[in-house]
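What follows is coords-v3.cif (mmCIF, C-alpha atoms).
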data_query
#
loop_
_atom_site.group_PDB
_atom_site.id
_atom_site.type_symbol
_atom_site.label_atom_id
_atom_site.label_comp_id
_atom_site.auth_asym_id
_atom_site.auth_seq_id
_atom_site.Cartn_x
_atom_site.Cartn_y
_atom_site.Cartn_z
ATOM 1 C CA MET A 1 9.248 4.554 2.699
ATOM 2 C CA GLU A 2 10.522 1.399 1.013
ATOM 3 C CA LYS A 3 13.350 1.746 -1.474
ATOM 4 C CA ASN A 4 11.574 -0.687 -3.825
ATOM 5 C CA PHE A 5 8.190 -1.252 -5.416
ATOM 6 C CA LYS A 6 6.809 -4.681 -6.353
ATOM 7 C CA LEU A 7 5.580 -5.085 -9.940
ATOM 8 C CA ASN A 8 2.520 -7.163 -10.823
ATOM 9 C CA ASN A 9 4.783 -10.066 -11.859
ATOM 10 C CA ASN A 10 6.508 -9.988 -8.427
ATOM 11 C CA ILE A 11 9.700 -8.432 -9.805
ATOM 12 C CA THR A 12 11.242 -5.860 -7.430
ATOM 13 C CA ILE A 13 12.008 -2.437 -8.940
ATOM 14 C CA PRO A 14 14.039 0.288 -7.164
ATOM 15 C CA SER A 15 11.647 3.091 -6.239
ATOM 16 C CA ILE A 16 13.656 5.949 -7.794
ATOM 17 C CA GLY A 17 14.927 5.681 -11.356
ATOM 18 C CA PHE A 18 17.702 7.727 -12.905
ATOM 19 C CA GLY A 19 16.586 9.376 -16.154
ATOM 20 C CA THR A 20 18.955 9.721 -19.129
ATOM 21 C CA TRP A 21 16.908 11.898 -21.498
ATOM 22 C CA GLN A 22 19.016 14.805 -22.849
ATOM 23 C CA THR A 23 22.143 13.427 -21.176
ATOM 24 C CA PRO A 24 24.932 14.256 -23.660
ATOM 25 C CA LEU A 25 26.515 11.154 -25.125
ATOM 26 C CA GLY A 26 30.187 10.357 -24.682
ATOM 27 C CA GLN A 27 32.129 10.902 -21.481
ATOM 28 C CA THR A 28 29.407 13.062 -19.907
ATOM 29 C CA ALA A 29 26.891 10.210 -20.050
ATOM 30 C CA ILE A 30 29.479 7.682 -18.842
ATOM 31 C CA ASP A 31 30.452 9.850 -15.857
ATOM 32 C CA THR A 32 26.806 10.689 -15.097
ATOM 33 C CA ILE A 33 25.833 7.023 -14.846
ATOM 34 C CA LYS A 34 28.826 6.329 -12.610
ATOM 35 C CA SER A 35 27.894 9.314 -10.387
ATOM 36 C CA ALA A 36 24.306 8.065 -10.136
ATOM 37 C CA VAL A 37 25.373 4.577 -9.082
ATOM 38 C CA LYS A 38 27.813 6.055 -6.550
ATOM 39 C CA ALA A 39 24.952 8.170 -5.134
ATOM 40 C CA GLY A 40 22.829 5.052 -4.608
ATOM 41 C CA TYR A 41 20.701 4.718 -7.740
ATOM 42 C CA ARG A 42 20.234 1.137 -8.916
ATOM 43 C CA HIS A 43 17.603 1.843 -11.567
ATOM 44 C CA ILE A 44 18.651 3.396 -14.896
ATOM 45 C CA ASP A 45 15.982 4.553 -17.370
ATOM 46 C CA ALA A 46 17.182 4.648 -20.983
ATOM 47 C CA ALA A 47 15.578 4.813 -24.450
ATOM 48 C CA ALA A 48 16.702 4.336 -28.032
ATOM 49 C CA ILE A 49 15.463 7.796 -29.073
ATOM 50 C CA TYR A 50 17.756 9.453 -26.505
ATOM 51 C CA LYS A 51 20.632 8.519 -28.863
ATOM 52 C CA ASN A 52 23.015 7.920 -25.960
ATOM 53 C CA GLU A 53 22.557 4.223 -25.193
ATOM 54 C CA LYS A 54 26.115 3.278 -26.162
ATOM 55 C CA SER A 55 27.512 5.790 -23.658
ATOM 56 C CA VAL A 56 24.950 4.812 -21.012
ATOM 57 C CA GLY A 57 25.963 1.181 -21.563
ATOM 58 C CA THR A 58 29.619 2.030 -21.041
ATOM 59 C CA GLY A 59 28.719 3.871 -17.841
ATOM 60 C CA ILE A 60 26.849 0.786 -16.632
ATOM 61 C CA LYS A 61 29.816 -1.406 -17.546
ATOM 62 C CA GLU A 62 32.267 0.848 -15.683
ATOM 63 C CA CYS A 63 30.109 1.632 -12.627
ATOM 64 C CA GLY A 64 31.658 -1.090 -10.490
ATOM 65 C CA LEU A 65 28.482 -3.072 -9.763
ATOM 66 C CA GLU A 66 27.473 -6.473 -11.035
ATOM 67 C CA ARG A 67 24.711 -6.555 -13.632
ATOM 68 C CA LYS A 68 22.337 -8.363 -11.249
ATOM 69 C CA ASP A 69 22.501 -5.412 -8.833
ATOM 70 C CA LEU A 70 21.115 -2.959 -11.398
ATOM 71 C CA PHE A 71 17.656 -2.482 -12.925
ATOM 72 C CA ILE A 72 17.884 -1.290 -16.547
ATOM 73 C CA THR A 73 14.962 -0.014 -18.634
ATOM 74 C CA SER A 74 14.766 0.937 -22.295
ATOM 75 C CA LYS A 75 11.994 1.767 -24.759
ATOM 76 C CA VAL A 76 11.081 1.027 -28.367
ATOM 77 C CA TRP A 77 10.624 4.227 -30.386
ATOM 78 C CA ASN A 78 7.575 5.148 -32.467
ATOM 79 C CA THR A 79 9.203 4.514 -35.868
ATOM 80 C CA GLU A 80 9.961 0.927 -34.814
ATOM 81 C CA ARG A 81 6.427 -0.080 -33.795
ATOM 82 C CA GLY A 82 5.134 -3.396 -35.133
ATOM 83 C CA TYR A 83 6.178 -6.989 -34.526
ATOM 84 C CA GLU A 84 9.379 -7.564 -36.503
ATOM 85 C CA THR A 85 10.603 -3.968 -36.196
ATOM 86 C CA THR A 86 10.224 -4.052 -32.393
ATOM 87 C CA LEU A 87 12.283 -7.250 -32.189
ATOM 88 C CA LYS A 88 14.948 -5.647 -34.370
ATOM 89 C CA ALA A 89 14.938 -2.425 -32.308
ATOM 90 C CA PHE A 90 15.319 -4.431 -29.104
ATOM 91 C CA LYS A 91 18.325 -6.260 -30.514
ATOM 92 C CA LYS A 92 20.017 -2.931 -31.320
ATOM 93 C CA THR A 93 19.231 -1.489 -27.877
ATOM 94 C CA LEU A 94 20.685 -4.560 -26.164
ATOM 95 C CA HIS A 95 23.811 -4.296 -28.340
ATOM 96 C CA ASP A 96 24.199 -0.548 -27.678
ATOM 97 C CA LEU A 97 23.731 -0.964 -23.923
ATOM 98 C CA GLN A 98 26.201 -3.896 -23.996
ATOM 99 C CA LEU A 99 23.793 -6.084 -22.020
ATOM 100 C CA ASP A 100 22.468 -9.637 -22.213
ATOM 101 C CA TYR A 101 18.968 -8.741 -21.020
ATOM 102 C CA LEU A 102 16.799 -5.831 -19.860
ATOM 103 C CA ASP A 103 14.854 -5.605 -16.628
ATOM 104 C CA LEU A 104 12.082 -3.570 -18.267
ATOM 105 C CA TYR A 105 11.205 -2.755 -21.877
ATOM 106 C CA LEU A 106 8.507 -0.203 -22.711
ATOM 107 C CA ILE A 107 6.518 0.954 -25.739
ATOM 108 C CA HIS A 108 7.611 4.606 -25.695
ATOM 109 C CA TRP A 109 4.350 6.110 -27.039
ATOM 110 C CA PRO A 110 1.079 4.539 -28.169
ATOM 111 C CA ALA A 111 0.106 4.688 -31.812
ATOM 112 C CA ASN A 112 -2.866 7.076 -31.822
ATOM 113 C CA ALA A 113 -6.078 7.436 -33.820
ATOM 114 C CA GLN A 114 -5.038 10.823 -35.218
ATOM 115 C CA GLN A 115 -2.118 9.246 -37.051
ATOM 116 C CA PHE A 116 -3.335 5.700 -37.683
ATOM 117 C CA THR A 117 -6.772 4.220 -38.414
ATOM 118 C CA ASN A 118 -5.364 0.849 -37.293
ATOM 119 C CA TRP A 119 -3.738 2.200 -34.112
ATOM 120 C CA LYS A 120 -5.120 -0.634 -31.986
ATOM 121 C CA ALA A 121 -3.578 -3.275 -34.246
ATOM 122 C CA ILE A 122 -0.207 -1.478 -34.308
ATOM 123 C CA ASN A 123 -0.051 -1.330 -30.517
ATOM 124 C CA SER A 124 -1.183 -4.941 -30.264
ATOM 125 C CA GLU A 125 1.495 -6.162 -32.720
ATOM 126 C CA THR A 126 4.172 -4.199 -30.884
ATOM 127 C CA TRP A 127 2.998 -5.687 -27.603
ATOM 128 C CA SER A 128 3.092 -9.206 -29.062
ATOM 129 C CA ALA A 129 6.790 -8.677 -29.797
ATOM 130 C CA MET A 130 7.335 -7.489 -26.215
ATOM 131 C CA GLU A 131 5.579 -10.593 -24.920
ATOM 132 C CA LYS A 132 7.836 -12.792 -27.069
ATOM 133 C CA LEU A 133 10.943 -11.084 -25.633
ATOM 134 C CA HIS A 134 9.594 -11.605 -22.127
ATOM 135 C CA LYS A 135 8.784 -15.271 -22.702
ATOM 136 C CA GLU A 136 12.281 -15.828 -24.106
ATOM 137 C CA GLY A 137 13.822 -14.353 -20.952
ATOM 138 C CA LYS A 138 15.375 -11.384 -22.736
ATOM 139 C CA VAL A 139 13.271 -8.947 -20.700
ATOM 140 C CA ARG A 140 12.210 -9.526 -17.094
ATOM 141 C CA SER A 141 9.214 -7.154 -17.263
ATOM 142 C CA ILE A 142 7.372 -5.331 -20.034
ATOM 143 C CA GLY A 143 5.293 -2.187 -19.965
ATOM 144 C CA VAL A 144 4.200 0.967 -21.743
ATOM 145 C CA SER A 145 4.823 4.683 -21.612
ATOM 146 C CA ASN A 146 2.445 7.596 -22.208
ATOM 147 C CA PHE A 147 -0.575 5.284 -22.593
ATOM 148 C CA LEU A 148 -3.919 6.794 -21.613
ATOM 149 C CA PRO A 149 -6.723 4.592 -20.248
ATOM 150 C CA HIS A 150 -8.326 4.008 -23.666
ATOM 151 C CA HIS A 151 -4.982 2.933 -25.131
ATOM 152 C CA LEU A 152 -4.555 0.493 -22.250
ATOM 153 C CA GLU A 153 -8.114 -0.822 -22.521
ATOM 154 C CA ALA A 154 -7.554 -1.583 -26.206
ATOM 155 C CA LEU A 155 -4.216 -3.249 -25.477
ATOM 156 C CA LEU A 156 -5.668 -5.405 -22.699
ATOM 157 C CA GLU A 157 -8.230 -6.836 -25.158
ATOM 158 C CA THR A 158 -5.482 -8.867 -26.885
ATOM 159 C CA ALA A 159 -2.605 -8.934 -24.376
ATOM 160 C CA THR A 160 -1.667 -12.226 -22.737
ATOM 161 C CA ILE A 161 0.674 -10.410 -20.332
ATOM 162 C CA LYS A 162 -0.554 -7.317 -18.503
ATOM 163 C CA PRO A 163 1.795 -4.286 -18.631
ATOM 164 C CA ALA A 164 3.803 -4.032 -15.420
ATOM 165 C CA VAL A 165 4.421 -0.288 -15.781
ATOM 166 C CA ASN A 166 3.014 2.832 -17.428
ATOM 167 C CA GLN A 167 5.536 5.674 -17.524
ATOM 168 C CA ILE A 168 3.835 9.075 -17.846
ATOM 169 C CA GLU A 169 4.584 12.747 -17.220
ATOM 170 C CA TYR A 170 3.939 13.351 -13.531
ATOM 171 C CA HIS A 171 4.766 16.334 -11.332
ATOM 172 C CA PRO A 172 2.983 18.857 -9.079
ATOM 173 C CA GLY A 173 0.224 20.496 -11.112
ATOM 174 C CA PHE A 174 0.196 17.671 -13.678
ATOM 175 C CA MET A 175 -0.871 14.459 -12.011
ATOM 176 C CA GLN A 176 -2.998 12.809 -14.741
ATOM 177 C CA ASN A 177 -5.296 11.431 -12.051
ATOM 178 C CA ASP A 178 -7.626 9.510 -14.394
ATOM 179 C CA CYS A 179 -4.700 7.611 -15.877
ATOM 180 C CA VAL A 180 -3.101 7.015 -12.474
ATOM 181 C CA GLN A 181 -6.344 5.651 -10.990
ATOM 182 C CA PHE A 182 -6.959 3.396 -14.004
ATOM 183 C CA CYS A 183 -3.466 1.944 -13.698
ATOM 184 C CA LYS A 184 -3.708 1.478 -9.946
ATOM 185 C CA SER A 185 -7.024 -0.362 -10.375
ATOM 186 C CA HIS A 186 -5.266 -2.726 -12.812
ATOM 187 C CA ASN A 187 -2.144 -3.111 -10.635
ATOM 188 C CA ILE A 188 0.047 -1.310 -13.193
ATOM 189 C CA LEU A 189 2.799 0.749 -11.538
ATOM 190 C CA ILE A 190 3.016 4.406 -12.549
ATOM 191 C CA GLU A 191 6.478 5.799 -13.255
ATOM 192 C CA GLY A 192 6.727 9.581 -13.450
ATOM 193 C CA TRP A 193 8.929 11.231 -16.042
ATOM 194 C CA SER A 194 9.784 14.917 -15.682
ATOM 195 C CA PRO A 195 9.044 14.807 -11.918
ATOM 196 C CA LEU A 196 10.420 18.349 -11.591
ATOM 197 C CA GLY A 197 8.279 19.712 -14.435
ATOM 198 C CA ARG A 198 11.353 20.392 -16.576
ATOM 199 C CA GLY A 199 12.642 22.646 -13.835
ATOM 200 C CA GLU A 200 9.729 25.085 -13.764
ATOM 201 C CA VAL A 201 8.249 23.526 -10.619
ATOM 202 C CA LEU A 202 11.461 24.428 -8.781
ATOM 203 C CA LYS A 203 10.456 28.112 -8.995
ATOM 204 C CA ASN A 204 7.098 27.585 -7.271
ATOM 205 C CA GLU A 205 6.910 29.843 -4.201
ATOM 206 C CA ILE A 206 4.642 27.498 -2.233
ATOM 207 C CA LEU A 207 7.050 24.613 -2.741
ATOM 208 C CA ILE A 208 10.090 26.764 -1.970
ATOM 209 C CA GLU A 209 8.555 27.808 1.353
ATOM 210 C CA MET A 210 7.405 24.275 2.121
ATOM 211 C CA GLY A 211 10.885 22.941 1.368
ATOM 212 C CA ARG A 212 12.334 25.279 3.988
ATOM 213 C CA THR A 213 10.128 23.739 6.687
ATOM 214 C CA TYR A 214 11.543 20.280 5.878
ATOM 215 C CA ASN A 215 15.068 21.599 5.257
ATOM 216 C CA LYS A 216 14.861 20.053 1.790
ATOM 217 C CA SER A 217 15.111 21.386 -1.759
ATOM 218 C CA VAL A 218 12.019 21.686 -3.956
ATOM 219 C CA ALA A 219 13.437 18.870 -6.099
ATOM 220 C CA GLN A 220 13.654 16.589 -3.045
ATOM 221 C CA LEU A 221 10.129 17.597 -2.066
ATOM 222 C CA CYS A 222 8.757 16.714 -5.544
ATOM 223 C CA ILE A 223 10.518 13.354 -5.603
ATOM 224 C CA ARG A 224 9.339 12.480 -2.096
ATOM 225 C CA TRP A 225 5.806 13.624 -2.975
ATOM 226 C CA ALA A 226 5.720 11.251 -5.957
ATOM 227 C CA LEU A 227 6.907 8.359 -3.796
ATOM 228 C CA GLN A 228 4.258 9.032 -1.160
ATOM 229 C CA ASN A 229 1.664 8.948 -3.950
ATOM 230 C CA GLN A 230 3.000 5.475 -4.862
ATOM 231 C CA VAL A 231 4.505 6.804 -8.106
ATOM 232 C CA LEU A 232 8.068 5.932 -9.108
ATOM 233 C CA PRO A 233 9.888 9.180 -10.037
ATOM 234 C CA LEU A 234 12.614 9.395 -12.690
ATOM 235 C CA PRO A 235 14.697 12.512 -11.923
ATOM 236 C CA LYS A 236 17.645 13.353 -14.152
ATOM 237 C CA SER A 237 20.707 15.576 -13.865
ATOM 238 C CA VAL A 238 24.306 15.665 -15.029
ATOM 239 C CA THR A 239 25.503 17.551 -11.919
ATOM 240 C CA PRO A 240 26.960 15.163 -9.304
ATOM 241 C CA GLN A 241 25.704 17.282 -6.379
ATOM 242 C CA ARG A 242 22.122 17.317 -7.709
ATOM 243 C CA ILE A 243 22.272 13.641 -8.639
ATOM 244 C CA THR A 244 23.117 12.869 -5.013
ATOM 245 C CA GLU A 245 20.608 15.354 -3.586
ATOM 246 C CA ASN A 246 17.749 13.917 -5.666
ATOM 247 C CA PHE A 247 18.319 10.516 -4.077
ATOM 248 C CA GLU A 248 18.367 11.805 -0.490
ATOM 249 C CA VAL A 249 14.615 11.626 0.080
ATOM 250 C CA PHE A 250 14.254 8.621 2.381
ATOM 251 C CA ASP A 251 14.933 10.502 5.619
ATOM 252 C CA PHE A 252 11.780 12.640 5.837
ATOM 253 C CA GLU A 253 8.040 12.412 5.287
ATOM 254 C CA ILE A 254 5.650 15.033 3.919
ATOM 255 C CA THR A 255 2.624 15.503 6.184
ATOM 256 C CA ALA A 256 -0.880 14.629 4.940
ATOM 257 C CA SER A 257 -1.870 18.322 4.922
ATOM 258 C CA ASP A 258 1.172 19.308 2.843
ATOM 259 C CA MET A 259 0.570 16.374 0.476
ATOM 260 C CA LYS A 260 -2.947 17.739 -0.107
ATOM 261 C CA ILE A 261 -1.577 21.231 -0.850
ATOM 262 C CA ILE A 262 0.794 19.794 -3.482
ATOM 263 C CA ASN A 263 -1.869 17.449 -4.899
ATOM 264 C CA ASP A 264 -4.262 20.394 -5.335
ATOM 265 C CA MET A 265 -1.783 22.616 -7.202
ATOM 266 C CA ASP A 266 -2.681 24.110 -10.576
ATOM 267 C CA HIS A 267 -0.627 23.277 -13.636
ATOM 268 C CA PRO A 268 2.562 25.376 -13.467
ATOM 269 C CA LYS A 269 4.351 26.911 -16.409
ATOM 270 C CA GLY A 270 6.733 24.399 -17.902
ATOM 271 C CA GLY A 271 6.442 20.673 -18.122
ATOM 272 C CA ALA A 272 5.755 19.064 -21.446
ATOM 273 C CA GLY A 273 1.991 18.593 -21.225
ATOM 274 C CA LEU A 274 2.031 16.423 -24.338
ATOM 275 C CA ASN A 275 -1.203 14.680 -25.235
ATOM 276 C CA PRO A 276 -0.573 11.112 -26.456
ATOM 277 C CA ASP A 277 -3.707 11.379 -28.654
ATOM 278 C CA THR A 278 -2.429 14.399 -30.575
ATOM 279 C CA VAL A 279 1.366 14.017 -30.774
ATOM 280 C CA THR A 280 2.582 13.758 -34.368
ATOM 281 C CA PHE A 281 5.997 12.176 -33.864
#

Could I get this file's structure written as structure tokens?
Amino acid sequence: MEKNFKLNNNITIPSIGFGTWQTPLGQTAIDTIKSAVKAGYRHIDAAAIYKNEKSVGTGIKECGLERKDLFITSKVWNTERGYETTLKAFKKTLHDLQLDYLDLYLIHWPANAQQFTNWKAINSETWSAMEKLHKEGKVRSIGVSNFLPHHLEALLETATIKPAVNQIEYHPGFMQNDCVQFCKSHNILIEGWSPLGRGEVLKNEILIEMGRTYNKSVAQLCIRWALQNQVLPLPKSVTPQRITENFEVFDFEITASDMKIINDMDHPKGGAGLNPDTVTF
């Protein structure tokens, strides 16, 4: 298994990202980023709404690696959608992260028809701002998050740059196959947030037993499973041991029969299961 994926603009992206959602700001976030880099992560996934970008930025600054050796992502939040507001939000994110550029910038959630009659126009205007940032060299790649096929179809009607990434919830029992297949057919890489189903998947007896046969934890199994499905997982933790463990997935391979068992699993308890068409935030 390669330690990188290739995006549709030929940019290389490390195949496991380190998530920072719910990472407490301050020294915890700083130390967590440094632990992740020490464990081997080169891809940090941030977002303005996580409210910890200043601390994440300090962790990046103090991690001991040059900027060019890291892949940093952030996202524009829902209240900042639109052309000018997206540009302004990006400027703040760059300032908070203490960076000169981002490797990837995402629209965090699509505007939806339940909230906005002009949802297509809002997403299109936001995307136009992303394209401007890309053309100016402030972002190496641009993409979306939580977009369903119909959101993407609408966006592609006016986009001059195709999204490189769609980041969605993805874990055993919640694979969003229609969305994944749509993106694969358009050469848009799927990133999977909550790859451990917010921890509930770790209690699954089938996965626990399967993990024993590989001498791996359920978390490692889930991360490896995502990779073998050509999905880029974004595990998160603040515990150094787990941070390291979650990255140690390149030394084994799940068999085709076991992959099918995991792929066929029912939705477990836990996970977010949020529907981008009905969210109200």

Residues of segment 36-79 of chain A within 12 Å of segment 243-247 of chain A: nearest atom pair and distance (Å, one decimal) for each, counting only C-alpha atoms, sorted by chain and number, as a Markdown table?
| residue | atom | partner | partner_atom | distance |
| --- | --- | --- | --- | --- |
| A:Ala36 | CA | A:Ile243 | CA | 6.1 |
| A:Val37 | CA | A:Thr244 | CA | 9.5 |
| A:Lys38 | CA | A:Thr244 | CA | 8.4 |
| A:Ala39 | CA | A:Thr244 | CA | 5.0 |
| A:Gly40 | CA | A:Phe247 | CA | 7.1 |
| A:Tyr41 | CA | A:Phe247 | CA | 7.3 |
| A:Arg42 | CA | A:Phe247 | CA | 10.7 |
| A:His43 | CA | A:Phe247 | CA | 11.5 |

Legend entry - Residue IDs satisfying the PyMOL selection byres ((chain A and resi 169-180) around 7), as a VMD selection string: chain A and resid 148 to 149 168 181 to 184 190 192 to 197 262 to 263 265 to 268

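Selection check: the PyMOL selection byres ((chain A and resi 158) around 10) on the shown file gives A:Lys120, A:Ala121, A:Asn123, A:Ser124, A:Glu125, A:Trp127, A:Ser128, A:Glu153, A:Ala154, A:Leu155, A:Leu156, A:Glu157, A:Ala159, A:Thr160, A:Ile161, A:Lys162.
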
Inset, instruction - Would you please work out which residue, of A:Thr213, A:Asn275, A:Gln167, A:Thr280, is nearest to Phe252 of chain A when using all atoms listed in the file? - result: A:Thr213

Legend entry - Minimum-distance residue to Asn52 of chain A, chosen among A:Pro24, A:Val279, A:Asn10, A:Asp258 (using all atoms listed in the file): A:Pro24

Legend entry - A:Asn146, A:Gln241, A:Thr12, A:Ser217 ranked by distance to Glu191 of chain A, top pick (using all atoms listed in the file): A:Asn146

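Candidate residues A:Leu221, A:Leu25, A:Leu65, A:Leu274 were compared for distance to Glu253 of chain A, and the nearest is A:Leu221, using all atoms listed in the file.
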
Inset, instruction - Tell me which of A:Ile16, A:Leu202, A:Leu102, A:Val238 sits closest to Cys222 of chain A, counting only C-alpha atoms. - result: A:Leu202

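Among the candidate residues A:Ile33, A:Leu232, A:Met210, A:Ile122, the one lying nearest to Leu7 of chain A is A:Leu232, with distances computed using only C-alpha atoms.
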
Legend entry - Point-to-point distance in Å for atom CA of Ser237 of chain A and atom CA of Met259 of chain A: 24.7 Å
